[in-house]
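Okay, upload-v5.cif is below, mmCIF, C-alpha atoms:
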```
data_run
loop_
_atom_site.group_PDB
_atom_site.id
_atom_site.type_symbol
_atom_site.label_atom_id
_atom_site.label_comp_id
_atom_site.auth_asym_id
_atom_site.auth_seq_id
_atom_site.Cartn_x
_atom_site.Cartn_y
_atom_site.Cartn_z
ATOM 1 C CA MET A 26 -56.361 -13.180 -62.676
ATOM 2 C CA SER A 27 -53.533 -12.819 -65.131
ATOM 3 C CA THR A 28 -52.508 -9.544 -63.597
ATOM 4 C CA SER A 29 -52.471 -11.034 -60.112
ATOM 5 C CA ASN A 30 -50.600 -14.076 -61.320
ATOM 6 C CA GLN A 31 -48.036 -11.885 -62.962
ATOM 7 C CA GLY A 32 -47.643 -9.895 -59.709
ATOM 8 C CA ILE A 33 -47.197 -13.046 -57.752
ATOM 9 C CA THR A 34 -44.762 -14.374 -60.305
ATOM 10 C CA SER A 35 -42.724 -11.195 -60.345
ATOM 11 C CA GLY A 36 -42.799 -11.039 -56.544
ATOM 12 C CA SER A 37 -41.631 -14.614 -56.252
ATOM 13 C CA ALA A 38 -38.949 -13.975 -58.805
ATOM 14 C CA SER A 39 -37.622 -10.986 -57.002
ATOM 15 C CA THR A 40 -37.691 -12.686 -53.623
ATOM 16 C CA PRO A 41 -34.646 -14.953 -54.172
ATOM 17 C CA ALA A 42 -32.627 -12.027 -55.419
ATOM 18 C CA PHE A 43 -33.591 -10.038 -52.350
ATOM 19 C CA ALA A 44 -32.823 -12.970 -50.053
ATOM 20 C CA ALA A 45 -29.496 -13.489 -51.749
ATOM 21 C CA GLN A 46 -28.778 -9.842 -51.255
ATOM 22 C CA GLN A 47 -29.563 -10.136 -47.542
ATOM 23 C CA THR A 48 -27.578 -13.335 -46.926
ATOM 24 C CA THR A 49 -24.438 -12.237 -48.701
ATOM 25 C CA PRO A 50 -21.615 -12.844 -46.191
ATOM 26 C CA VAL A 51 -19.757 -9.792 -45.129
ATOM 27 C CA GLY A 52 -16.017 -10.096 -45.369
ATOM 28 C CA PRO A 53 -13.705 -9.497 -42.393
ATOM 29 C CA PRO A 54 -12.930 -5.864 -41.664
ATOM 30 C CA ALA A 55 -9.795 -4.501 -43.129
ATOM 31 C CA PRO A 56 -6.917 -4.824 -40.675
ATOM 32 C CA ARG A 57 -5.707 -1.660 -39.091
ATOM 33 C CA ARG A 58 -2.477 -0.303 -40.272
ATOM 34 C CA ARG A 59 0.159 -0.649 -37.605
ATOM 35 C CA VAL A 60 2.164 2.443 -37.140
ATOM 36 C CA LYS A 61 5.763 1.393 -37.313
ATOM 37 C CA ARG A 62 8.052 3.198 -34.967
ATOM 38 C CA LYS A 63 11.336 4.182 -36.445
ATOM 39 C CA THR A 64 14.476 2.489 -35.190
ATOM 40 C CA TRP A 65 15.990 5.647 -33.803
ATOM 41 C CA GLN A 66 12.803 6.374 -31.820
ATOM 42 C CA THR A 67 12.904 2.902 -30.264
ATOM 43 C CA VAL A 68 16.550 3.354 -29.338
ATOM 44 C CA ILE A 69 15.843 6.715 -27.686
ATOM 45 C CA TRP A 70 12.953 5.266 -25.660
ATOM 46 C CA LEU A 71 15.074 2.283 -24.600
ATOM 47 C CA VAL A 72 17.986 4.466 -23.526
ATOM 48 C CA ALA A 73 15.665 6.805 -21.611
ATOM 49 C CA LEU A 74 14.028 3.894 -19.762
ATOM 50 C CA ILE A 75 17.420 2.418 -18.883
ATOM 51 C CA ILE A 76 18.609 5.758 -17.493
ATOM 52 C CA ILE A 77 15.454 6.245 -15.421
ATOM 53 C CA THR A 78 15.678 2.673 -14.085
ATOM 54 C CA ALA A 79 19.341 3.149 -13.186
ATOM 55 C CA VAL A 80 18.597 6.399 -11.345
ATOM 56 C CA VAL A 81 15.775 4.776 -9.381
ATOM 57 C CA LEU A 82 17.658 1.590 -8.501
ATOM 58 C CA TYR A 83 21.072 3.146 -7.840
ATOM 59 C CA PRO A 84 20.435 3.964 -4.129
ATOM 60 C CA LEU A 85 19.227 0.420 -3.501
ATOM 61 C CA LEU A 86 22.213 -1.053 -5.351
ATOM 62 C CA TRP A 87 24.617 1.207 -3.440
ATOM 63 C CA LEU A 88 23.023 0.182 -0.140
ATOM 64 C CA PHE A 89 23.347 -3.517 -0.970
ATOM 65 C CA LEU A 90 26.984 -3.316 -2.109
ATOM 66 C CA SER A 91 27.911 -1.129 0.869
ATOM 67 C CA THR A 92 26.922 -3.935 3.215
ATOM 68 C CA PHE A 93 30.103 -5.715 2.083
ATOM 69 C CA LYS A 94 32.376 -2.749 2.796
ATOM 70 C CA PRO A 95 34.488 -2.801 5.950
ATOM 71 C CA ASN A 96 34.004 0.079 8.347
ATOM 72 C CA SER A 97 37.340 1.630 7.320
ATOM 73 C CA GLU A 98 36.237 2.182 3.705
ATOM 74 C CA PHE A 99 33.354 4.483 4.572
ATOM 75 C CA GLY A 100 34.484 8.016 3.805
ATOM 76 C CA GLN A 101 37.552 6.801 1.903
ATOM 77 C CA ASN A 102 36.003 4.687 -0.855
ATOM 78 C CA PRO A 103 33.202 6.672 -2.521
ATOM 79 C CA GLY A 104 32.951 4.087 -5.270
ATOM 80 C CA LEU A 105 30.117 1.668 -5.755
ATOM 81 C CA PHE A 106 32.085 -1.549 -5.230
ATOM 82 C CA PRO A 107 34.010 -2.417 -2.048
ATOM 83 C CA GLN A 108 37.780 -2.745 -2.293
ATOM 84 C CA ALA A 109 38.007 -5.452 0.367
ATOM 85 C CA PRO A 110 34.633 -7.238 0.481
ATOM 86 C CA THR A 111 33.616 -8.770 3.792
ATOM 87 C CA ILE A 112 30.529 -10.303 5.388
ATOM 88 C CA ASP A 113 31.432 -9.347 8.946
ATOM 89 C CA ASN A 114 28.745 -6.652 8.938
ATOM 90 C CA TYR A 115 26.015 -9.276 8.681
ATOM 91 C CA GLY A 116 27.481 -11.116 11.662
ATOM 92 C CA LYS A 117 27.456 -7.929 13.745
ATOM 93 C CA VAL A 118 23.850 -7.188 12.790
ATOM 94 C CA MET A 119 22.640 -10.690 13.618
ATOM 95 C CA GLU A 120 24.226 -10.435 17.058
ATOM 96 C CA GLY A 121 22.085 -7.389 17.821
ATOM 97 C CA ILE A 122 22.947 -4.328 19.863
ATOM 98 C CA ALA A 123 22.412 -3.065 23.410
ATOM 99 C CA GLY A 124 22.010 -6.657 24.574
ATOM 100 C CA VAL A 125 18.990 -7.235 22.313
ATOM 101 C CA PRO A 126 19.192 -9.700 19.385
ATOM 102 C CA MET A 127 18.148 -8.540 15.941
ATOM 103 C CA TRP A 128 15.260 -10.995 15.752
ATOM 104 C CA ARG A 129 13.621 -9.171 18.676
ATOM 105 C CA PHE A 130 13.615 -5.909 16.718
ATOM 106 C CA PHE A 131 12.107 -7.737 13.760
ATOM 107 C CA LEU A 132 9.435 -9.270 15.983
ATOM 108 C CA ASN A 133 8.513 -5.889 17.466
ATOM 109 C CA SER A 134 8.198 -4.342 14.014
ATOM 110 C CA PHE A 135 6.087 -7.251 12.803
ATOM 111 C CA ILE A 136 3.739 -7.000 15.791
ATOM 112 C CA LEU A 137 3.228 -3.279 15.271
ATOM 113 C CA ALA A 138 2.759 -3.620 11.505
ATOM 114 C CA ALA A 139 0.366 -6.595 11.730
ATOM 115 C CA ALA A 140 -1.731 -4.901 14.419
ATOM 116 C CA ALA A 141 -1.808 -1.718 12.339
ATOM 117 C CA VAL A 142 -3.083 -3.652 9.318
ATOM 118 C CA VAL A 143 -5.853 -5.422 11.253
ATOM 119 C CA GLY A 144 -6.953 -2.341 13.161
ATOM 120 C CA THR A 145 -6.819 0.063 10.223
ATOM 121 C CA VAL A 146 -8.662 -2.200 7.779
ATOM 122 C CA PHE A 147 -11.386 -3.219 10.244
ATOM 123 C CA SER A 148 -12.097 0.195 11.756
ATOM 124 C CA SER A 149 -11.814 2.093 8.468
ATOM 125 C CA ALA A 150 -14.223 -0.307 6.749
ATOM 126 C CA LEU A 151 -16.786 0.102 9.535
ATOM 127 C CA ALA A 152 -16.513 3.881 9.499
ATOM 128 C CA ALA A 153 -16.714 3.984 5.713
ATOM 129 C CA TYR A 154 -19.861 1.853 5.705
ATOM 130 C CA ALA A 155 -21.460 4.188 8.235
ATOM 131 C CA PHE A 156 -20.666 7.267 6.138
ATOM 132 C CA ALA A 157 -21.734 5.664 2.860
ATOM 133 C CA ARG A 158 -24.822 3.647 3.803
ATOM 134 C CA VAL A 159 -26.241 4.807 7.156
ATOM 135 C CA GLN A 160 -28.315 7.985 7.206
ATOM 136 C CA PHE A 161 -28.095 9.944 10.459
ATOM 137 C CA LYS A 162 -28.235 13.566 11.558
ATOM 138 C CA GLY A 163 -25.051 15.502 11.042
ATOM 139 C CA LEU A 164 -23.690 13.057 8.464
ATOM 140 C CA GLY A 165 -22.247 15.811 6.293
ATOM 141 C CA ILE A 166 -20.736 17.623 9.267
ATOM 142 C CA PHE A 167 -19.037 14.519 10.641
ATOM 143 C CA PHE A 168 -17.750 13.519 7.216
ATOM 144 C CA ALA A 169 -16.344 17.000 6.622
ATOM 145 C CA ALA A 170 -14.688 16.929 10.051
ATOM 146 C CA MET A 171 -13.158 13.569 9.235
ATOM 147 C CA ILE A 172 -11.767 14.889 5.957
ATOM 148 C CA GLY A 173 -10.526 17.970 7.798
ATOM 149 C CA THR A 174 -8.260 15.841 9.951
ATOM 150 C CA LEU A 175 -6.163 15.241 6.842
ATOM 151 C CA LEU A 176 -5.136 18.887 7.071
ATOM 152 C CA LEU A 177 -4.210 18.581 10.760
ATOM 153 C CA PRO A 178 -0.476 17.948 11.244
ATOM 154 C CA PHE A 179 0.433 15.017 13.469
ATOM 155 C CA HIS A 180 2.733 17.239 15.511
ATOM 156 C CA VAL A 181 -0.230 19.273 16.783
ATOM 157 C CA VAL A 182 -1.676 16.355 18.767
ATOM 158 C CA ILE A 183 1.587 14.831 19.973
ATOM 159 C CA ILE A 184 1.653 16.537 23.383
ATOM 160 C CA PRO A 185 -2.046 15.930 24.321
ATOM 161 C CA GLN A 186 -1.826 12.308 23.254
ATOM 162 C CA TYR A 187 1.387 11.730 25.162
ATOM 163 C CA ILE A 188 -0.109 13.256 28.329
ATOM 164 C CA ILE A 189 -3.172 11.013 28.087
ATOM 165 C CA PHE A 190 -1.191 7.819 27.482
ATOM 166 C CA ASN A 191 1.293 8.733 30.213
ATOM 167 C CA GLN A 192 -1.487 9.226 32.760
ATOM 168 C CA LEU A 193 -2.916 5.844 31.785
ATOM 169 C CA GLY A 194 0.485 4.235 32.320
ATOM 170 C CA TRP A 195 0.780 3.046 28.714
ATOM 171 C CA VAL A 196 4.124 4.654 27.896
ATOM 172 C CA ASP A 197 6.836 2.122 26.944
ATOM 173 C CA THR A 198 4.159 -0.280 25.701
ATOM 174 C CA PHE A 199 2.730 -0.999 22.263
ATOM 175 C CA ILE A 200 -0.760 0.206 23.244
ATOM 176 C CA PRO A 201 -0.318 3.887 22.214
ATOM 177 C CA LEU A 202 0.892 2.715 18.807
ATOM 178 C CA ILE A 203 -1.813 0.074 18.269
ATOM 179 C CA LEU A 204 -4.973 1.428 19.934
ATOM 180 C CA PRO A 205 -5.488 4.430 17.589
ATOM 181 C CA LYS A 206 -5.419 2.068 14.606
ATOM 182 C CA PHE A 207 -8.637 0.426 15.869
ATOM 183 C CA LEU A 208 -10.414 3.796 16.162
ATOM 184 C CA ALA A 209 -10.430 4.731 12.451
ATOM 185 C CA THR A 210 -7.977 7.575 12.921
ATOM 186 C CA GLU A 211 -6.605 7.219 9.379
ATOM 187 C CA ALA A 212 -8.948 9.498 7.433
ATOM 188 C CA PHE A 213 -7.246 8.688 4.139
ATOM 189 C CA PHE A 214 -8.276 5.034 4.285
ATOM 190 C CA VAL A 215 -11.805 5.897 5.415
ATOM 191 C CA PHE A 216 -12.217 8.292 2.505
ATOM 192 C CA LEU A 217 -10.876 5.697 0.045
ATOM 193 C CA LEU A 218 -13.323 3.037 1.228
ATOM 194 C CA VAL A 219 -16.233 5.493 1.270
ATOM 195 C CA GLN A 220 -15.718 6.188 -2.429
ATOM 196 C CA PHE A 221 -15.720 2.452 -3.209
ATOM 197 C CA ILE A 222 -18.897 1.794 -1.232
ATOM 198 C CA ARG A 223 -20.753 4.776 -2.697
ATOM 199 C CA GLN A 224 -20.221 3.430 -6.207
ATOM 200 C CA MET A 225 -22.114 0.249 -5.372
ATOM 201 C CA PRO A 226 -25.837 0.159 -6.195
ATOM 202 C CA ARG A 227 -28.186 0.200 -3.230
ATOM 203 C CA ASP A 228 -30.395 -2.472 -4.796
ATOM 204 C CA MET A 229 -28.313 -5.173 -3.124
ATOM 205 C CA ASP A 230 -28.801 -3.546 0.284
ATOM 206 C CA GLU A 231 -32.541 -3.247 -0.248
ATOM 207 C CA ALA A 232 -32.839 -6.868 -1.372
ATOM 208 C CA ALA A 233 -30.909 -8.043 1.669
ATOM 209 C CA ARG A 234 -33.017 -5.848 3.940
ATOM 210 C CA ILE A 235 -36.188 -7.417 2.532
ATOM 211 C CA ASP A 236 -34.765 -10.804 3.491
ATOM 212 C CA GLY A 237 -34.325 -9.545 7.049
ATOM 213 C CA ALA A 238 -30.626 -8.636 7.018
ATOM 214 C CA GLY A 239 -29.445 -5.787 9.206
ATOM 215 C CA HIS A 240 -26.551 -3.402 8.827
ATOM 216 C CA LEU A 241 -24.045 -5.860 10.294
ATOM 217 C CA ARG A 242 -25.102 -8.691 7.955
ATOM 218 C CA ILE A 243 -25.113 -6.395 4.921
ATOM 219 C CA PHE A 244 -21.683 -5.071 5.823
ATOM 220 C CA TRP A 245 -20.170 -8.516 6.400
ATOM 221 C CA SER A 246 -21.821 -10.518 3.600
ATOM 222 C CA ILE A 247 -22.249 -7.949 0.819
ATOM 223 C CA ILE A 248 -20.038 -4.905 1.223
ATOM 224 C CA LEU A 249 -16.792 -6.491 2.446
ATOM 225 C CA PRO A 250 -16.437 -9.031 -0.416
ATOM 226 C CA LEU A 251 -17.022 -6.304 -2.998
ATOM 227 C CA ILE A 252 -14.481 -3.844 -1.607
ATOM 228 C CA LYS A 253 -11.695 -6.411 -1.312
ATOM 229 C CA PRO A 254 -9.352 -4.532 -3.721
ATOM 230 C CA ALA A 255 -9.667 -1.379 -1.617
ATOM 231 C CA LEU A 256 -9.114 -3.333 1.601
ATOM 232 C CA ILE A 257 -5.921 -4.849 0.189
ATOM 233 C CA THR A 258 -4.727 -1.381 -0.805
ATOM 234 C CA CYS A 259 -5.334 -0.124 2.738
ATOM 235 C CA ALA A 260 -3.526 -3.141 4.174
ATOM 236 C CA ILE A 261 -0.456 -2.595 1.999
ATOM 237 C CA PHE A 262 -0.113 1.086 2.812
ATOM 238 C CA SER A 263 -0.774 0.632 6.528
ATOM 239 C CA PHE A 264 1.820 -2.167 6.739
ATOM 240 C CA ILE A 265 4.508 -0.095 5.017
ATOM 241 C CA TRP A 266 3.734 3.024 7.062
ATOM 242 C CA ALA A 267 3.757 1.122 10.356
ATOM 243 C CA TRP A 268 6.946 -0.767 9.480
ATOM 244 C CA ASN A 269 8.781 2.468 8.629
ATOM 245 C CA ASP A 270 7.310 4.569 11.438
ATOM 246 C CA PHE A 271 10.022 6.295 13.446
ATOM 247 C CA LEU A 272 8.422 9.178 15.343
ATOM 248 C CA GLY A 273 5.699 7.181 17.111
ATOM 249 C CA PRO A 274 7.988 4.515 18.610
ATOM 250 C CA LEU A 275 10.550 7.196 19.437
ATOM 251 C CA LEU A 276 7.958 8.997 21.586
ATOM 252 C CA TYR A 277 6.341 6.092 23.420
ATOM 253 C CA LEU A 278 9.011 3.375 23.644
ATOM 254 C CA THR A 279 11.962 3.758 25.993
ATOM 255 C CA SER A 280 13.229 0.210 26.566
ATOM 256 C CA PRO A 281 15.578 -1.289 23.941
ATOM 257 C CA GLU A 282 13.776 -4.639 24.074
ATOM 258 C CA ASN A 283 10.622 -2.874 22.812
ATOM 259 C CA TYR A 284 12.296 -1.036 19.962
ATOM 260 C CA PRO A 285 11.210 -1.741 16.374
ATOM 261 C CA LEU A 286 13.727 -1.721 13.549
ATOM 262 C CA PRO A 287 13.671 2.032 12.748
ATOM 263 C CA ILE A 288 14.582 2.881 16.349
ATOM 264 C CA ALA A 289 17.118 0.056 16.573
ATOM 265 C CA LEU A 290 18.993 1.542 13.615
ATOM 266 C CA ARG A 291 19.609 4.660 15.682
ATOM 267 C CA LEU A 292 21.579 2.633 18.224
ATOM 268 C CA TYR A 293 24.309 1.927 15.668
ATOM 269 C CA ASN A 294 25.130 5.647 15.453
ATOM 270 C CA ASP A 295 26.075 7.027 18.852
ATOM 271 C CA GLN A 296 27.096 10.672 18.827
ATOM 272 C CA THR A 297 29.190 10.234 21.994
ATOM 273 C CA SER A 298 31.393 7.490 20.503
ATOM 274 C CA SER A 299 32.452 6.088 17.149
ATOM 275 C CA SER A 300 29.708 4.973 14.788
ATOM 276 C CA ASP A 301 29.694 1.611 13.075
ATOM 277 C CA TYR A 302 28.729 2.631 9.553
ATOM 278 C CA GLY A 303 29.069 -0.871 8.135
ATOM 279 C CA ALA A 304 26.611 -2.303 10.640
ATOM 280 C CA THR A 305 24.296 0.679 10.141
ATOM 281 C CA VAL A 306 24.140 0.172 6.381
ATOM 282 C CA THR A 307 23.685 -3.576 6.748
ATOM 283 C CA ALA A 308 20.921 -3.192 9.330
ATOM 284 C CA SER A 309 19.196 -0.683 7.043
ATOM 285 C CA PHE A 310 19.284 -3.119 4.147
ATOM 286 C CA VAL A 311 18.041 -6.007 6.284
ATOM 287 C CA ALA A 312 15.171 -3.845 7.541
ATOM 288 C CA LEU A 313 14.287 -2.915 3.968
ATOM 289 C CA VAL A 314 14.044 -6.490 2.680
ATOM 290 C CA PRO A 315 10.655 -7.395 4.293
ATOM 291 C CA VAL A 316 9.014 -4.229 2.959
ATOM 292 C CA LEU A 317 10.462 -4.852 -0.492
ATOM 293 C CA LEU A 318 9.252 -8.453 -0.548
ATOM 294 C CA PHE A 319 5.838 -7.428 0.787
ATOM 295 C CA PHE A 320 5.469 -4.843 -1.966
ATOM 296 C CA VAL A 321 6.616 -7.221 -4.719
ATOM 297 C CA VAL A 322 4.182 -9.944 -3.627
ATOM 298 C CA PHE A 323 1.167 -7.648 -3.289
ATOM 299 C CA GLN A 324 1.975 -5.238 -6.117
ATOM 300 C CA ARG A 325 -0.726 -6.736 -8.335
ATOM 301 C CA PHE A 326 -3.362 -6.235 -5.641
ATOM 302 C CA LEU A 327 -2.162 -2.681 -5.088
ATOM 303 C CA VAL A 328 -2.584 -1.823 -8.761
ATOM 304 C CA ASP A 329 -6.017 -3.494 -8.864
ATOM 305 C CA GLY A 330 -7.139 -1.608 -5.776
ATOM 306 C CA VAL A 331 -6.074 1.768 -7.111
ATOM 307 C CA ALA A 332 -7.374 1.160 -10.656
ATOM 308 C CA THR A 333 -10.703 -0.468 -9.779
ATOM 309 C CA GLN A 334 -13.629 1.883 -10.227
ATOM 310 C CA GLY A 335 -17.071 0.563 -9.280
ATOM 311 C CA LEU A 336 -18.183 -3.006 -9.773
ATOM 312 C CA LYS A 337 -16.878 -5.419 -12.363
ATOM 313 C CA GLY A 338 -19.413 -7.217 -14.488
#
```
Any chance you could put this one into structure tokens?
Amino acid sequence: MSTSNQGITSGSASTPAFAAQQTTPVGPPAPRRRVKRKTWQTVIWLVALIIITAVVLYPLLWLFLSTFKPNSEFGQNPGLFPQAPTIDNYGKVMEGIAGVPMWRFFLNSFILAAAAVVGTVFSSALAAYAFARVQFKGLGIFFAAMIGTLLLPFHVVIIPQYIIFNQLGWVDTFIPLILPKFLATEAFFVFLLVQFIRQMPRDMDEAARIDGAGHLRIFWSIILPLIKPALITCAIFSFIWAWNDFLGPLLYLTSPENYPLPIALRLYNDQTSSSDYGATVTASFVALVPVLLFFVVFQRFLVDGVATQGLKG
């Protein structure tokens, strides 16, 4: 009895010490040492960034300041600033050219760009869902053929496409420029969306299928909300590419009232007569402003779409 009592006593005596050992608060971790950059290193980095920024922004700054140069200074004043600033170039541009006001060129470009965004995003998302989620015979062959179109130059299919659209009577209309966008002809966007969809777990599809959802419901209610960053990326690129497209409208549009901005800029430089360089530069800057604003507004979504990998928790 005495031995057991002593064991109990010693055990109870050691228990508080053990508990105190266990409940001892652990202090905060030692702060990391911040590596201080030397002053001369900071100055070098700052100077390098300023030089790179100046090189990148110089063409845009030159274009903006050249809009205030009179036509006589082009070729004589290579400097950045105009000697006799004027705003007459903006008045000429707003009046239009070839009997067509400038707002009509803007409207044509906006119609083509907006239709390109809607058609490219919708058709590419459908095609990507089919490649990523639907199992059918020849899936690998069709996907490889789709990727192979990235290696096919656009100039190879110009003549066959023009013959087809000409026989259908669609030349000098917007249809040849809009219709292909609704047929998932942009393999780059399809491939981008396929990679996003493949990273999503199939458990959500199986759960929705148990509840009776089909492919259309799964695509609309599950897949589309989750690939929103990729869809925004596709929309941004397709808008910029359609807005700046020159070769397509040059091939299919012949009437000045149907010209978008890139083709309208060509009218200011006529090889058979004198060219109005001031109006050309001003029209170029005015045409650049919507794309610049569009990119600035949606830059955050563009970065999120490119950087997003898989699903966020």
Expanded to explicit residues, what is the PyMOL selection byres ((chain A and resi 268-275) around 7) for this file, as a PyMOL selection string? chain A and resi 134+138+202+264-267+276-278+287-288
Any chance you could tabulate, as CSV, the residues of range 234-286 of chain A at most 10 Å from range 144-148 of chain A with each one's nearest atom pair and distance in Å to one decimal, using only C-alpha atoms, in chain and rising number order?
```
residue,atom,partner,partner_atom,distance
A:Ala255,CA,A:Val146,CA,9.5
A:Leu256,CA,A:Val146,CA,6.3
A:Ile257,CA,A:Val146,CA,8.5
A:Thr258,CA,A:Val146,CA,9.5
A:Cys259,CA,A:Val146,CA,6.4
A:Ala260,CA,A:Val146,CA,6.3
A:Ser263,CA,A:Thr145,CA,7.1
A:Phe264,CA,A:Thr145,CA,9.6
```
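Nearest to Thr279 in chain A of all the residues A:Val215, A:Val306, A:Ala169, A:Val196 is A:Val196, counting all atoms listed in the file.
Across the structure, CA of Phe106 in chain A and CA of Leu88 in chain A are spaced 10.5 Å apart.
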Go ahead and compute the interatomic distance for CA of Phe319 in chain A and CA of Gly121 in chain A, in Å to one decimal. 23.5 Å
Go ahead and find all residues with at least one atom no further than 12 Å from (-10.6, 6.1, 0.4) in the file's coordinates, using only C-alpha atoms; report them as a PyMOL selection string. chain A and resi 146+149-150+152-154+156-157+171-172+211-224+252+254-259+262+330-331+334
Expected file contents, prior selection, C-alpha atoms, as a PDB file, keeping the file's coordinate frame:
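Dumped everything to selection_20.pdb:
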```pdb
ATOM      1  CA  VAL A 146      -8.662  -2.200   7.779  1.00  0.00           C
ATOM      2  CA  SER A 149     -11.814   2.093   8.468  1.00  0.00           C
ATOM      3  CA  ALA A 150     -14.223  -0.307   6.749  1.00  0.00           C
ATOM      4  CA  ALA A 152     -16.513   3.881   9.499  1.00  0.00           C
ATOM      5  CA  ALA A 153     -16.714   3.984   5.713  1.00  0.00           C
ATOM      6  CA  TYR A 154     -19.861   1.853   5.705  1.00  0.00           C
ATOM      7  CA  PHE A 156     -20.666   7.267   6.138  1.00  0.00           C
ATOM      8  CA  ALA A 157     -21.734   5.664   2.860  1.00  0.00           C
ATOM      9  CA  MET A 171     -13.158  13.569   9.235  1.00  0.00           C
ATOM     10  CA  ILE A 172     -11.767  14.889   5.957  1.00  0.00           C
ATOM     11  CA  GLU A 211      -6.605   7.219   9.379  1.00  0.00           C
ATOM     12  CA  ALA A 212      -8.948   9.498   7.433  1.00  0.00           C
ATOM     13  CA  PHE A 213      -7.246   8.688   4.139  1.00  0.00           C
ATOM     14  CA  PHE A 214      -8.276   5.034   4.285  1.00  0.00           C
ATOM     15  CA  VAL A 215     -11.805   5.897   5.415  1.00  0.00           C
ATOM     16  CA  PHE A 216     -12.217   8.292   2.505  1.00  0.00           C
ATOM     17  CA  LEU A 217     -10.876   5.697   0.045  1.00  0.00           C
ATOM     18  CA  LEU A 218     -13.323   3.037   1.228  1.00  0.00           C
ATOM     19  CA  VAL A 219     -16.233   5.493   1.270  1.00  0.00           C
ATOM     20  CA  GLN A 220     -15.718   6.188  -2.429  1.00  0.00           C
ATOM     21  CA  PHE A 221     -15.720   2.452  -3.209  1.00  0.00           C
ATOM     22  CA  ILE A 222     -18.897   1.794  -1.232  1.00  0.00           C
ATOM     23  CA  ARG A 223     -20.753   4.776  -2.697  1.00  0.00           C
ATOM     24  CA  GLN A 224     -20.221   3.430  -6.207  1.00  0.00           C
ATOM     25  CA  ILE A 252     -14.481  -3.844  -1.607  1.00  0.00           C
ATOM     26  CA  PRO A 254      -9.352  -4.532  -3.721  1.00  0.00           C
ATOM     27  CA  ALA A 255      -9.667  -1.379  -1.617  1.00  0.00           C
ATOM     28  CA  LEU A 256      -9.114  -3.333   1.601  1.00  0.00           C
ATOM     29  CA  ILE A 257      -5.921  -4.849   0.189  1.00  0.00           C
ATOM     30  CA  THR A 258      -4.727  -1.381  -0.805  1.00  0.00           C
ATOM     31  CA  CYS A 259      -5.334  -0.124   2.738  1.00  0.00           C
ATOM     32  CA  PHE A 262      -0.113   1.086   2.812  1.00  0.00           C
ATOM     33  CA  GLY A 330      -7.139  -1.608  -5.776  1.00  0.00           C
ATOM     34  CA  VAL A 331      -6.074   1.768  -7.111  1.00  0.00           C
ATOM     35  CA  GLN A 334     -13.629   1.883 -10.227  1.00  0.00           C
TER      36      GLN A 334
END
```
Any chance you could resolve the PyMOL selection byres ((chain A and resi 119) around 10) against this file and give the residues as a PDB file with C-alpha atoms, keeping the file's coordinate frame?
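Output saved as out-v5.pdb:
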```
ATOM      1  CA  ASN A 114      28.745  -6.652   8.938  1.00  0.00           C
ATOM      2  CA  TYR A 115      26.015  -9.276   8.681  1.00  0.00           C
ATOM      3  CA  GLY A 116      27.481 -11.116  11.662  1.00  0.00           C
ATOM      4  CA  LYS A 117      27.456  -7.929  13.745  1.00  0.00           C
ATOM      5  CA  VAL A 118      23.850  -7.188  12.790  1.00  0.00           C
ATOM      6  CA  GLU A 120      24.226 -10.435  17.058  1.00  0.00           C
ATOM      7  CA  GLY A 121      22.085  -7.389  17.821  1.00  0.00           C
ATOM      8  CA  ILE A 122      22.947  -4.328  19.863  1.00  0.00           C
ATOM      9  CA  PRO A 126      19.192  -9.700  19.385  1.00  0.00           C
ATOM     10  CA  MET A 127      18.148  -8.540  15.941  1.00  0.00           C
ATOM     11  CA  TRP A 128      15.260 -10.995  15.752  1.00  0.00           C
ATOM     12  CA  ALA A 304      26.611  -2.303  10.640  1.00  0.00           C
ATOM     13  CA  THR A 307      23.685  -3.576   6.748  1.00  0.00           C
ATOM     14  CA  ALA A 308      20.921  -3.192   9.330  1.00  0.00           C
ATOM     15  CA  VAL A 311      18.041  -6.007   6.284  1.00  0.00           C
TER      16      VAL A 311
END
```
Residue IDs satisfying the PyMOL selection byres ((chain A and resi 132) around 12), as a count of residues only: 22
Taking all atoms of range 81-90 of chain A that the file lists, what box with edges along x, y and z, padded by 8 Å per side, do you get, with centre and edge lengths in Å to one decimal, as JSON?
```
{"center_x": 21.4, "center_y": 0.6, "center_z": -4.8, "size_x": 27.2, "size_y": 24.3, "size_z": 25.2}
```
For range 107-111 of chain A, work out the shell of residues within 8 Å, counting all atoms listed in the file and skipping chain neighbours fewer than 4 positions away, then give it as a list of chain:residue names. A:Leu90, A:Ser91, A:Phe93, A:Lys94, A:Pro95, A:Glu98, A:Asn102
Can you work out the spacing between CA of Ile243 in chain A and CA of Pro226 in chain A in Å, to one decimal?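 Rounded to one decimal, the two atoms are 12.9 Å apart.
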Considering all atoms listed in the file, give me a table of residues in range 73-192 of chain A that are at most 10 Å from range 232-241 of chain A, with the closest atom pair and distance in Å for each, as a Markdown table.
```
| residue | atom | partner | partner_atom | distance |
| --- | --- | --- | --- | --- |
| A:Leu151 | CA | A:Leu241 | CA | 9.4 |
| A:Tyr154 | CA | A:His240 | CA | 9.1 |
| A:Ala155 | CA | A:His240 | CA | 9.2 |
| A:Arg158 | CA | A:His240 | CA | 8.8 |
| A:Val159 | CA | A:His240 | CA | 8.4 |
```
